[in-house]
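Asks: Structure incoming, see below.
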Amino acid sequence: MVNITINGQSIQAEAGQTVLQAAQAHGIEVPTLCYHKDLNPTGNCRMCIVEVKGGRFLQAACVTPVWEGMEIQTHSEKVTKDRKLTLELMLANHPQDCITCDVSGECELQDLAYEYKASAPEWGSKGTRYPVNSDPNPFIRVDMNRCILCRRCVSACAEIQVRDVWGVAKRGFDEIIVAGAGTTMLEARCESCGQCMAYCPTGALSNKMNYGTARAHQVTKVTTTCSYCGVGCQFDLLVKNKKVIGVQSNPNSPVNGMALCVKGRYGYDYIHHPERLTKPKVRRYLLEGKKKPVISEQWAVDSGQWDWVETEWDKALDIVADKLATTRKNYGADSIGVLTSAKCTNEENYLMNKLARQVIGTNNIDHCARL
Amino acid sequence: MTNKKIVYKPVDPEIEELALHHGGTQEATLEVLKDLDAKNNLNSVTITETARALHLPAHEAYGMATFYSMLSLEERKKVLRVCDGPVCWLKKASNQLSVNSEWQNKVGEDFTVERTSCLGLCDRAPAVLVEDEQAGPVEAQNAAKVCEGWRGVQTDYSTPRKGEVRVMTALIGKVNPDEIESALEHGLYDGLKKALQSDPTAVLAEVESSGLQGRGGAGFPVGRKWRFVASEKRTPRYIVCNADESEPLIFKDRVLMDTNPHQLLEGITIAGYACGASEAWIYIRGEYEYQARRLERAIEQAEAKNLLGENILGSSFSFKIHVHRGAGAYICGEETALIESLEGKRGEPRLRPPYPPTYGFRGQPTAVNNVESFCAVPHIVKNGAEWWRNLTDDPTPGTKVYMVLGHVKNPGLFEAPFGLTLREIINDFGGGMLPGSTFNFALCGGAAGTIVPPALVDAHIDYSSGPLKGVTRDIKAMEKRWTQVISMGAGSFLICDQTVSPVAFLRELLHFFAAESCGKCTPCRVGTWRSLEILNRLVSGQGQQGDTDELKTLAVLMQDSSFCGLGQSVPIPMKSVLTHFGAEFAKAELVK
C-alpha cells in the first residue's frame, strides 16, 4: 500500500497503480480523453494532467505511478486552466458543427468542452483540412477533421483486434491518422470490426450505415446477445420508432466488452429486411400430404407442387416430426444426420444433441463451426 | 468502393533483399526506407512491401517514412537542402521564405531544393546540404559554383584562442582523423588501456567522482547514470551515443567527431567497460553523413588494432560499436525518442519512468550520453578525477566546448573551463562585437535556451536546470535563478546586435520548433503552431492587441503540460524574450 493525498484527502493506493487509477478507485474524477480503461495509456492528450507537489511540470494522471507521500491536486486553478486551454487548442481545428454532427450528445470532446466552458477560439482551421467521409469502406465513416489525435483507434486496432490497420503519419501540426501506408482501410487489411469507431471519443470515426438517422438521446438502447454465433457477445441495439437502427458496444458486456465482429456490429439490417422470413414455409406437396413429385416432371412445376407456402409453426413442425419418424422407421436411425449451428446457444445445441442421440437414436450429429 | 480481391503475392524480391541486407528486423526500417528514397522509389506500394519484408504493419513503415524530414514520397532530383535555422537566417538577413525559390532558380533543373531545419553547420552559415555533402558559407548567388562541387570553406579550429584550456579539442589539427596510427601516436586509447588494467567498478568510481555532467544540455551526472546501468542485473546492457545534434546553434559534436573520431570511440568503449555493456550505437543525425563515414572508418581501424571487437587488447572485455544514421528529426535528440528511432519506430518520446538506464534500447539497461560527454571520459580516466576537477574553480568541474555565433568578430568554437560569463564569451573569446554592432541580446544554450538582455551579461553560466536532489524541483526557485544564472544548455551563445528584432528572432525559433514538434501531445503540437502563427502576424506588421498575452499563455501551457522536454523547453526562449523585450512585442502588437 502507498499513502498518497489527493485534493487533501488521504488515500491508500495500491503499489503500481497510476494516479488516475487511485483517484478513480476513490471516486475522485479526473477528466480523460486519450485514456480508455481497455487500452494501454499513451498520455498524449494531456487532459488528465494533475499537479503533484514538488513537481516541475504537471503530470498526466493516466501514466504517472503513485509514490509514497505523493500530494496531488486534480483540480487546482493551474490544472483547470491548462485543461481548458488544451481543449481550446483541440477545438480550434475541430469543425464547429456539433449542431449537425452525428455523435453530438455522446462525444467526449463535447462533454469536456462543456464541463470546462471551453469554446473554439477565433483562430484555427475549424476542421477544413481534410476531405469528409474520406474512406470508401461501407461501414466506418472517416472524417479526420474531427480527429483530435488521441490515437485510441490506433491502440484499439492494435491491442483489441490485433489488426494494426490504423497508424500515425507525418509529424507536428500535420500529424494525421492513416490506414496502412496511406491507403484505404480495406487495402490496409481492415476486417471492418469497427473497434476503432467504438473507441473514438469524437465523430472522426462514426457509423456510416446509420449516419444521420438519430442522435444519442433519440434512441432507446436495448441490451441483447448477438445471434450470429455461440460466443455470446452482448451489445446494445439502438432503437428508434420501434426500429433497430444500429448496434453499439456495451462496455459492460461480460464476454466481449467493447469488442464486436463485423457481423455483430453491422449485420443488423436483416431485422427489418422486407425479405426476412417471419413464418415457416413448406413445399406445397407436403402441405397437401402428397407424394414427393419428381422435379423433372413438368406437371409438378406447373401445378405449383414445389412452391414454398407459408404456414403455421405447429403444422410445419408436425411435418418435420412425421418425416423424421418415417425415415427412422423405414431406414433406421443412422439414416438421419443432424447438423446444428454456431448461431445457436450452448443450451440449444445441447438440446439438439439430446434429440439426435436419445430421441432419434443416432450419433450422426455435428456442428457448423467445424466447417 | 475498394473491394479488391486479396491475392497472396510474395514480397518484392528487391525489397526483401534490401531488408535482409540491413538485418531483416524492425530496426532496419529506417535504413531500408532511406535506400528506397535514394532510388527515388518511396511510395505507398514500396513502403507496404518494406513493412511486409520486415514483418511489420504497413502503417509502421509509413509512419516512419512520413515522420523523418529527409525522406520524401515525392519524386526528387538531386536534393539540395537549404538551412532554415536561426543562425543562417541571421547571416542572410533576408526573408527566409524566398530562399528556397532563390536557390531553385539558380541551381536549375538538376536539383530539387528543400528547406531543412538547422543543418548543424552554424559556424559555416549560411549553409546548404548538397545530397550528402555539407557546404558553407554559401550564398544563393554562388549556386553555380556549388553545383560544380564547391563546398565553401571549412572552419579551422587548430589554433586555440587566447584563454582556452583545451582537453577534448586539444588534438584538433594535430591528429589525422582518418589514421589510427596518428591517433595512437597522440596518446589516444591510453585511457582505455589504463581502464582495462583496473576493475570496471574502479573506472566507474573515477568517472563518478570527477563530477562530469552530461554535455547534452541537462547536465545529469554521467557517473550516476552509468551507476544505474551497471547496477541493473539484466544483460545485455547497451551504450548509446547521442550524436543527433539537431538543435540550432549547436555544432560542437560535429567538430569533435570530425576532428578526432577515435577520442569518441575510446570514451564509448570505456563507458561500455564501466557499465558492463556489450554493444554501443552511435545515433548520428542523417545530415552528418560525412562524419558518419568517418566514424565507420575509425571503427574499422580500431577493430583491426583490437581496440574494439572481441577480447580487446587481450582482456576478457569484448565490445562493438555501430553507427546508426537518423533521417532528419530534432526530437530524436530526446533520449527516449532516440531509442524509439533506433528500434525502427517513429521518433516519439516514451513515457518516463521507466528511464533508459532501466528500460532503454530493446528494453534493456541503456546509458545514453552526448558525444561531448563521452569525449571527456578518456581524459578523466587517463589523468584522474582530481585533475578534471582542478581544471576550474567553478563548482561545475572540467572544461566545456563553447560555441559563440552571431555578431562577434571571431565566431566559432572554443574550449574553456566552467565559470565564464557572457561578457567574457563575447569579449575575451569572441573578439568583441563587430564594428558598428552593439549587443542587443544573446540566445544562450541552444535554440531552447534563454534570451539574455544586456543587463545580464555578467551573470554566471551554469547548468541551472541541472539535477537537484531527487526528482523534485522548486519551480519558484528555478524561475528566480533564470534571471541570475544563465543556463549553459549545450553551450552555444548566439550574439545579436541592435539590427536584430527580438520579435522576428523568436519567430525564427518557433518556426523551428513548429517544424520539429513530433505531434504526439496537444500542447506542443498545436501550441507551437499557434505561437508561430501569432509571431508571423507580429513580424509582418499585422499584430493584434492581445497577441503578447496569448503568447505568454501558450508558453505557460506548453511548459506545464507538454509530454516531453521539447514542448517543455520551447517556452524558455519565449518567456525570457517576453520578459526582457516586452516593449518590442507591445510595439509590434500596435503596428497597423
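Chain lettering (A, B, ...) mirrors the order of the C-alpha cells, residue numbering begins at 1 for each chain separately, and ligand numbering begins at 1 in order of display.
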Would you tabulate, counting only C-alpha atoms, all residues of chain A that have an atom at most 6 Å from an atom of chain B, showing the closest pair of atoms and their distance in Å to one decimal, sorted by chain then ascending number, as CSV?
Replies:
residue,atom,partner,partner_atom,distance
A:Asn44,CA,B:Cys521,CA,4.4
A:Cys45,CA,B:Cys521,CA,5.5
A:Gly54,CA,B:Thr472,CA,5.2
A:Gly55,CA,B:Thr472,CA,5.3
A:Arg56,CA,B:Arg473,CA,5.6
A:Phe57,CA,B:Asp560,CA,4.8
A:Leu58,CA,B:Asp560,CA,5.3
A:Asp82,CA,B:Leu557,CA,5.8
A:Pro136,CA,B:Met1,CA,5.1
A:Asp164,CA,B:Pro57,CA,5.9
A:Gly167,CA,B:His59,CA,4.9
A:Val168,CA,B:Gly63,CA,5.5
A:Ala169,CA,B:Gly63,CA,4.2
A:Lys170,CA,B:Thr66,CA,4.6
A:Arg171,CA,B:Cys518,CA,4.9
A:Gly172,CA,B:Gly519,CA,3.7
A:Phe173,CA,B:Arg525,CA,5.3
A:Glu175,CA,B:Gly519,CA,5.9
A:Gly180,CA,B:His59,CA,4.2
A:Ala181,CA,B:Tyr62,CA,4.8
Asks: Can you list every residue in region 317-370 of chain A that DSSP puts in alpha helix (DSSP H), as a PyMOL selection string?
Replies: chain A and resi 317-331+346-354
Asks: From region 151-260 of chain A, collect each residue whose DSSP state is strand (DSSP E) and return the set as number ranges by chain.
Replies: A: 166-169, 176-179, 205-207, 220-225, 234-240, 243-249
Asks: Would you mind listing what lies within 6 Å of Asp84 (chain B) as a list of chain:residue names, with only C-alpha atoms counted and same-chain residues fewer than 3 positions away left out?
Replies: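 Everything that qualifies: B:Thr116, B:Ser117, B:Cys118.
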Asks: So that I have them on file, write out the residues from the current selection with C-alpha atoms, as a CSV table (one decimal), in the first residue's frame.
Replies:
chain,number,residue,atom,x,y,z
B,116,THR,CA,15.5,22.0,-43.8
B,117,SER,CA,15.7,22.7,-40.1
B,118,CYS,CA,19.2,23.7,-38.8
Asks: Kindly give the distance, in Å, that separates CA of Ile270 (chain B) and CA of Glu287 (chain B), rounded to a single decimal.
Replies: 27.2 Å
Asks: Near Lys575 (chain B), within 12 Å and counting only C-alpha atoms, which residues show up once chain neighbours fewer than 3 positions away are dropped, as a short mmCIF file (atom, residue, chain, number, x, y, z; two decimals) with N, CA and C atoms, in the first residue's frame?
Replies:
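Dumped everything to result.cif:
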data_model
loop_
_atom_site.label_atom_id
_atom_site.label_comp_id
_atom_site.auth_asym_id
_atom_site.auth_seq_id
_atom_site.Cartn_x
_atom_site.Cartn_y
_atom_site.Cartn_z
N ALA B 448 16.55 26.12 -27.57
CA ALA B 448 15.62 26.09 -26.45
C ALA B 448 16.27 26.70 -25.21
N GLY B 449 17.08 27.72 -25.43
CA GLY B 449 17.79 28.35 -24.33
C GLY B 449 17.17 29.69 -23.95
N THR B 450 17.90 30.40 -23.12
CA THR B 450 17.38 31.66 -22.60
C THR B 450 17.82 32.81 -23.49
N ILE B 451 16.94 33.79 -23.66
CA ILE B 451 17.32 35.00 -24.38
C ILE B 451 17.69 36.04 -23.33
N VAL B 452 18.94 36.49 -23.43
CA VAL B 452 19.53 37.29 -22.36
C VAL B 452 19.74 38.73 -22.81
N GLU B 479 12.74 29.65 -11.51
CA GLU B 479 12.44 30.84 -12.30
C GLU B 479 13.24 32.03 -11.83
N TRP B 482 16.67 31.79 -13.22
CA TRP B 482 16.82 32.10 -14.63
C TRP B 482 17.29 33.55 -14.85
N THR B 483 16.91 34.41 -13.94
CA THR B 483 17.31 35.79 -14.11
C THR B 483 18.70 36.04 -13.53
N LEU B 506 12.39 35.53 -32.33
CA LEU B 506 11.55 34.50 -31.70
C LEU B 506 10.73 33.76 -32.74
N THR B 548 0.61 39.36 -27.39
CA THR B 548 1.65 39.04 -26.41
C THR B 548 1.08 38.21 -25.28
N ASP B 549 -0.10 38.58 -24.83
CA ASP B 549 -0.71 37.82 -23.74
C ASP B 549 -0.97 36.38 -24.16
N GLU B 550 -1.40 36.23 -25.40
CA GLU B 550 -1.68 34.87 -25.86
C GLU B 550 -0.38 34.05 -25.93
N LEU B 551 0.70 34.70 -26.37
CA LEU B 551 1.99 34.01 -26.40
C LEU B 551 2.39 33.57 -25.00
N LYS B 552 2.18 34.47 -24.04
CA LYS B 552 2.53 34.13 -22.66
C LYS B 552 1.70 32.95 -22.17
N THR B 553 0.41 33.00 -22.47
CA THR B 553 -0.48 31.91 -22.04
C THR B 553 -0.05 30.59 -22.66
N LEU B 554 0.26 30.63 -23.96
CA LEU B 554 0.68 29.41 -24.64
C LEU B 554 1.99 28.89 -24.05
N ALA B 555 2.91 29.82 -23.72
CA ALA B 555 4.19 29.41 -23.15
C ALA B 555 3.97 28.67 -21.83
N VAL B 556 3.10 29.20 -20.99
CA VAL B 556 2.83 28.55 -19.71
C VAL B 556 2.22 27.17 -19.94
N LEU B 557 1.28 27.10 -20.85
CA LEU B 557 0.63 25.81 -21.12
C LEU B 557 1.63 24.78 -21.62
N MET B 558 2.44 25.18 -22.60
CA MET B 558 3.40 24.22 -23.17
C MET B 558 4.39 23.74 -22.12
N GLN B 559 4.84 24.69 -21.29
CA GLN B 559 5.82 24.31 -20.27
C GLN B 559 5.22 23.35 -19.24
N GLN B 568 8.32 21.21 -23.32
CA GLN B 568 8.55 21.87 -22.03
C GLN B 568 9.61 22.97 -22.13
N SER B 569 10.49 22.87 -23.12
CA SER B 569 11.56 23.87 -23.17
C SER B 569 11.35 24.94 -24.24
N VAL B 570 10.40 24.75 -25.14
CA VAL B 570 10.10 25.83 -26.11
C VAL B 570 9.79 27.14 -25.37
N PRO B 571 9.07 27.05 -24.25
CA PRO B 571 8.74 28.30 -23.55
C PRO B 571 9.93 29.01 -22.92
N ILE B 572 11.09 28.37 -22.82
CA ILE B 572 12.22 29.05 -22.18
C ILE B 572 12.61 30.31 -22.96
N LEU B 578 9.95 37.53 -23.79
CA LEU B 578 8.76 38.32 -23.45
C LEU B 578 8.99 39.12 -22.17
N THR B 579 9.80 38.56 -21.28
CA THR B 579 10.10 39.29 -20.05
C THR B 579 11.01 40.48 -20.33
N HIS B 580 12.07 40.23 -21.11
CA HIS B 580 13.08 41.27 -21.28
C HIS B 580 12.78 42.24 -22.42
N PHE B 581 11.99 41.80 -23.37
CA PHE B 581 11.73 42.67 -24.53
C PHE B 581 10.24 42.88 -24.74
N GLY B 582 9.53 42.92 -23.63
CA GLY B 582 8.07 43.10 -23.69
C GLY B 582 7.68 44.33 -24.50
#
Asks: Grab the CA of Gly436 (chain B) to CA of Val500 (chain B) distance for me, in Å with one decimal place.
Replies: 13.2 Å
Asks: Between CA of Leu313 (chain B) and CA of Val175 (chain B), what is the spacing in Å?
Replies: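 Pair CA of Val175 (chain B) / CA of Leu313 (chain B) returns 22.2 Å.
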Asks: If we count only C-alpha atoms, what is near Val107 (chain B) at a cut-off of 12 Å, once residues fewer than 3 positions away on the same chain are taken out, given as JSON, numbers by chain?
Replies: {"B": [77, 78, 79, 80, 81, 82, 100, 101, 102, 103, 104, 110, 111, 112, 113, 130, 139, 140, 141, 142, 143, 144, 145, 146, 147, 148]}
Asks: Mind checking which residues fall within 12 Å of His273 (chain A), counting only C-alpha atoms, ignoring those fewer than 5 positions away in the same chain, and posting them as a PDB file with C-alpha atoms, in the first residue's frame?
Replies:
ATOM      1  CA  LYS A 243     -36.943   0.058 -35.489  1.00  0.00           C
ATOM      2  CA  VAL A 244     -33.418  -1.141 -34.921  1.00  0.00           C
ATOM      3  CA  ILE A 245     -31.209   1.477 -36.488  1.00  0.00           C
ATOM      4  CA  GLY A 267     -25.104  -7.229 -39.696  1.00  0.00           C
ATOM      5  CA  TYR A 268     -28.367  -5.937 -38.247  1.00  0.00           C
ATOM      6  CA  THR A 278     -41.099 -14.414 -40.150  1.00  0.00           C
TER       7      THR A 278
END
Asks: What's around His379 (chain B) at 10 Å? Count only C-alpha atoms, leave out sequence neighbours fewer than 4 positions away in its own chain, and write the answer as a list of chain:residue names.
Replies: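 Neighbouring residues, sequence-local ones excluded: B:Val167, B:Met168, B:Leu188, B:Tyr189, B:Asp190, B:Gly191, B:Leu192, B:Gln263, B:Glu266, B:Gly267, B:Phe374, B:Cys375, B:Asn383, B:Gly384, B:Ala385, B:Trp387, B:Trp388.
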Asks: Would you put the residues from that selection into a file with C-alpha atoms, as a CSV table (one decimal), in the first residue's frame?
Replies:
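Here's the written file out.csv:
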chain,number,residue,atom,x,y,z
B,167,VAL,CA,41.2,18.9,-23.4
B,168,MET,CA,38.7,17.4,-25.8
B,188,LEU,CA,44.6,8.1,-27.8
B,189,TYR,CA,43.4,4.8,-26.4
B,190,ASP,CA,45.8,5.3,-23.4
B,191,GLY,CA,42.7,5.9,-21.3
B,192,LEU,CA,41.2,2.7,-22.5
B,263,GLN,CA,38.5,10.0,-28.9
B,266,GLU,CA,37.6,5.4,-26.8
B,267,GLY,CA,35.1,7.2,-24.5
B,374,PHE,CA,32.0,10.5,-24.0
B,375,CYS,CA,34.9,12.6,-25.3
B,383,ASN,CA,44.6,11.9,-15.8
B,384,GLY,CA,42.3,11.2,-12.9
B,385,ALA,CA,39.2,12.7,-11.5
B,387,TRP,CA,42.9,16.6,-12.4
B,388,TRP,CA,39.5,17.1,-14.0
